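Novice: My structure is in target.txt, and what it holds is compact mmCIF, C-alpha atoms:
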# COMPACT_ATOMS: atom_id res chain seq x y z
CA MET A 280 7.13 1.24 -2.95
CA ASP A 281 9.37 2.96 -5.46
CA ALA A 282 9.03 3.77 -9.16
CA LEU A 283 10.41 0.36 -10.24
CA ASP A 284 7.85 -1.49 -8.11
CA LYS A 285 5.09 0.63 -9.61
CA SER A 286 6.34 -0.10 -13.13
CA ILE A 287 6.40 -3.81 -12.38
CA LEU A 288 2.84 -3.67 -11.03
CA ARG A 289 1.59 -1.75 -14.08
CA LEU A 290 3.07 -4.37 -16.39
CA MET A 291 1.68 -7.26 -14.34
CA GLN A 292 -1.79 -5.68 -14.32
CA HIS A 293 -1.65 -5.24 -18.07
CA ASP A 294 -0.40 -8.72 -18.98
CA LEU A 295 0.38 -11.35 -16.37
CA SER A 296 1.54 -13.76 -19.04
CA LEU A 297 4.78 -11.77 -19.31
CA SER A 298 7.74 -13.72 -17.96
CA VAL A 299 9.83 -12.28 -15.15
CA ASN A 300 12.59 -11.84 -17.72
CA GLN A 301 10.29 -9.78 -19.98
CA ILE A 302 9.14 -7.63 -17.05
CA ALA A 303 12.73 -7.13 -15.92
CA GLU A 304 13.76 -6.08 -19.42
CA GLN A 305 10.97 -3.51 -19.66
CA VAL A 306 11.72 -1.93 -16.28
CA GLY A 307 15.51 -1.97 -16.69
CA LEU A 308 16.44 -4.66 -14.16
CA SER A 309 18.05 -8.06 -14.40
CA THR A 310 15.82 -11.06 -13.79
CA THR A 311 16.81 -11.92 -10.20
CA PRO A 312 16.27 -8.45 -8.67
CA CYS A 313 12.98 -8.18 -10.54
CA TRP A 314 11.84 -11.57 -9.21
CA ARG A 315 12.84 -10.53 -5.67
CA ARG A 316 10.74 -7.37 -5.99
CA ILE A 317 7.74 -9.37 -7.17
CA GLN A 318 8.16 -11.81 -4.28
CA GLN A 319 8.40 -8.89 -1.83
CA LEU A 320 5.24 -7.30 -3.28
CA GLU A 321 3.45 -10.62 -2.77
CA LYS A 322 4.79 -10.97 0.78
CA GLN A 323 3.61 -7.42 1.60
CA GLY A 324 0.14 -8.22 0.26
CA VAL A 325 0.36 -5.66 -2.56
CA ILE A 326 -0.14 -8.51 -5.02
CA LYS A 327 -3.12 -10.40 -3.60
CA GLY A 328 -3.24 -13.18 -6.17
CA ARG A 329 -2.90 -14.10 -9.80
CA VAL A 330 -6.04 -14.91 -11.75
CA ALA A 331 -7.45 -15.39 -15.23
CA LEU A 332 -10.04 -12.83 -16.31
CA LEU A 333 -13.02 -14.52 -17.92
CA GLU A 334 -15.55 -13.21 -20.43
CA PRO A 335 -18.85 -13.44 -18.47
CA GLU A 336 -21.09 -14.14 -21.46
CA LYS A 337 -18.84 -16.98 -22.65
CA VAL A 338 -19.28 -18.72 -19.29
CA GLY A 339 -23.04 -18.18 -19.21
CA LEU A 340 -23.17 -15.06 -17.03
CA GLY A 341 -24.64 -12.44 -19.35
CA THR A 342 -26.62 -10.49 -16.74
CA THR A 343 -25.10 -8.07 -14.24
CA VAL A 344 -27.30 -6.81 -11.43
CA PHE A 345 -26.52 -4.22 -8.76
CA VAL A 346 -28.48 -4.98 -5.61
CA GLN A 347 -28.89 -2.40 -2.86
CA VAL A 348 -29.95 -3.56 0.59
CA LYS A 349 -31.19 -1.71 3.66
CA ALA A 350 -30.37 -3.47 6.89
CA GLY A 351 -33.21 -5.02 8.83
CA LYS A 352 -31.40 -4.18 12.05
CA HIS A 353 -28.29 -2.23 12.90
CA ASP A 354 -26.78 -4.38 15.60
CA ASP A 355 -23.46 -6.20 15.37
CA LYS A 356 -25.00 -9.68 15.32
CA TRP A 357 -27.27 -8.85 12.34
CA LEU A 358 -24.50 -7.10 10.44
CA LYS A 359 -22.12 -10.07 10.78
CA SER A 360 -24.86 -12.55 9.95
CA PHE A 361 -25.91 -10.72 6.79
CA ALA A 362 -22.31 -10.16 5.66
CA THR A 363 -21.57 -13.88 6.01
CA HIS A 364 -24.84 -14.89 4.31
CA ALA A 365 -24.44 -12.60 1.29
CA ALA A 366 -20.69 -13.17 0.87
CA ASN A 367 -21.28 -16.93 0.66
CA LEU A 368 -23.63 -16.61 -2.33
CA GLN A 369 -21.51 -17.50 -5.38
CA GLU A 370 -23.40 -15.09 -7.65
CA VAL A 371 -22.11 -12.15 -5.57
CA VAL A 372 -18.84 -11.05 -7.17
CA GLU A 373 -18.46 -7.76 -5.27
CA PHE A 374 -19.95 -6.75 -1.93
CA TYR A 375 -19.67 -3.40 -0.14
CA ARG A 376 -20.98 -1.76 3.02
CA MET A 377 -22.06 1.71 1.98
CA SER A 378 -22.82 5.14 3.35
CA GLY A 379 -26.03 6.83 2.27
CA GLU A 380 -29.58 5.59 1.89
CA TYR A 381 -28.70 1.92 1.39
CA ASP A 382 -26.43 -0.03 3.70
CA TYR A 383 -25.01 -2.58 1.23
CA MET A 384 -24.29 -2.83 -2.48
CA LEU A 385 -23.82 -6.18 -4.17
CA LYS A 386 -22.67 -6.80 -7.71
CA VAL A 387 -24.30 -10.01 -8.88
CA MET A 388 -23.56 -12.01 -12.03
CA VAL A 389 -26.21 -14.43 -13.31
CA ALA A 390 -27.28 -16.03 -16.57
CA ASP A 391 -30.65 -14.33 -16.94
CA LEU A 392 -33.72 -12.94 -15.16
CA LYS A 393 -34.88 -16.38 -14.06
CA SER A 394 -31.48 -17.06 -12.51
CA PHE A 395 -31.63 -13.72 -10.74
CA ASP A 396 -35.01 -14.64 -9.26
CA VAL A 397 -33.46 -17.82 -7.83
CA PHE A 398 -30.58 -15.76 -6.43
CA TYR A 399 -32.95 -13.15 -4.97
CA LYS A 400 -34.91 -15.81 -3.09
CA LYS A 401 -31.65 -17.15 -1.62
CA LEU A 402 -30.55 -13.65 -0.65
CA VAL A 403 -33.71 -12.75 1.25
CA SER A 404 -34.34 -16.18 2.79
CA GLY A 405 -33.90 -16.24 6.54
CA VAL A 406 -32.56 -12.68 6.70
CA ASP A 407 -34.48 -9.73 8.10
CA LEU A 408 -34.10 -6.98 5.46
CA SER A 409 -35.75 -3.56 5.48
CA ASP A 410 -35.57 -2.98 1.72
CA VAL A 411 -33.95 -4.50 -1.37
CA THR A 412 -33.77 -2.87 -4.77
CA SER A 413 -32.11 -4.19 -7.91
CA SER A 414 -30.84 -2.46 -11.03
CA PHE A 415 -29.96 -4.44 -14.16
CA ALA A 416 -26.95 -3.27 -16.15
CA MET A 417 -28.04 -2.55 -19.71
CA GLU A 418 -24.54 -2.01 -21.12
CA GLN A 419 -21.04 -2.18 -19.70
CA ILE A 420 -19.26 1.04 -20.64
CA LYS A 421 -15.98 0.40 -18.83
CA TYR A 422 -14.58 -2.53 -16.93
CA THR A 423 -11.05 -2.90 -15.70
CA THR A 424 -9.20 -4.68 -12.96
CA LYS A 425 -6.22 -2.34 -13.40
CA LEU A 426 -5.71 0.04 -10.49
CA PRO A 427 -4.43 3.52 -11.37
CA ILE A 428 -0.88 3.25 -10.01
CA ILE A 429 0.58 6.73 -9.93
Just give me the structure of the file as structure tokens.

Specialist:
Amino acid sequence: MDALDKSILRLMQHDLSLSVNQIAEQVGLSTTPCWRRIQQLEKQGVIKGRVALLEPEKVGLGTTVFVQVKAGKHDDKWLKSFATHAANLQEVVEFYRMSGEYDYMLKVMVADLKSFDVFYKKLVSGVDLSDVTSSFAMEQIKYTTKLPII
């Protein structure tokens, strides 16, 4: 990936509504070579998709909860089963296997405390967990989907 590709990616992360022509203009290319670069970045998997970013509160998801989970077991079957179970819960918007005291971290978006209780019951149902702890976000200080492309 060269400097032009990085410039294209920065622009696309900032405003995907820009046309290929506008992106090309800003990076100093003509439209066709710029479009080919974008297509190549998609083919290589650098660009994973194109999405609309939504305002959570405006779609009824005003509560963000970070859930930490300790595995009930540490065998391959349990790990795969839990990963599939948790990943299929629509309230889970991010899901990580972690190092440290807790094995998993889930970012969960729900409407309110009552909705979280419903989610929590789904999360723990039928899964052997050692420990689950939840922290409610009081204020979002920074949120970005832009990766620092250097």

Novice: For a quick check of understanding, using only C-alpha atoms, which of A:Gly405, A:Gln319, A:Ser309, A:Tyr422 has the smallest distance to Asp284 of chain A?

Specialist: A:Gln319

Novice: Mind pulling up the distance from atom CA of Leu426 of chain A to atom CA of Leu333 of chain A?

Specialist: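 Between these atoms lies a distance of 17.9 Å.
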
Novice: For atom CA of Thr343 of chain A and atom CA of Ile428 of chain A, quote the distance in Å rounded to one decimal.

Specialist: 27.1 Å

Novice: Near Phe374 of chain A, within 9 Å and counting only C-alpha atoms, which residues show up once chain neighbours fewer than 4 positions away are dropped, as a list in words?

Specialist: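 Listed by chain and then number, they are Ala362, Ala365, Ala366, Tyr383, Met384, Leu385, Lys386 and Val387 of chain A.
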
Novice: Report as a VMD selection string all protein, DNA and RNA residues lying within 9 Å of Asp382 of chain A, evaluated on all atoms listed in the file, omitting residues in the same chain fewer than 2 positions from it.

Specialist: chain A and resid 347 to 350 375 to 380 384

Novice: Which residue, A:Thr342, A:Ser286, A:Ser296, A:Thr363, has the smallest gap to Cys313 of chain A when you use all atoms listed in the file?

Specialist: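 Residue with the minimum atom-to-atom distance to Cys313 of chain A: A:Ser286.
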
Novice: What gap, in Å, lies between atom CA of Leu332 of chain A and atom CA of Ala282 of chain A?

Specialist: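 According to the coordinates, atom CA of Leu332 of chain A and atom CA of Ala282 of chain A are separated by 26.3 Å.
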
Novice: Which of these, A:Leu392, A:Gln305, A:Ile317, A:Gln292, has the shortest distance to Ala331 of chain A once you count all atoms listed in the file?

Specialist: A:Gln292

Novice: Residues near segment 395-397 of chain A, anyone? I mean within 12 Å using all atoms listed in the file, not counting same-chain ones fewer than 2 positions away, as a PyMOL selection string.

Specialist: chain A and resi 340-346+368+370-371+386-393+399-404+413-415

Novice: Taking all atoms listed in the file into account, name the residue in A:Gln301, A:Leu288, A:Thr412, A:Gly351 that is nearest to Lys327 of chain A.

Specialist: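 Smallest separation from Lys327 of chain A among the options: A:Leu288.
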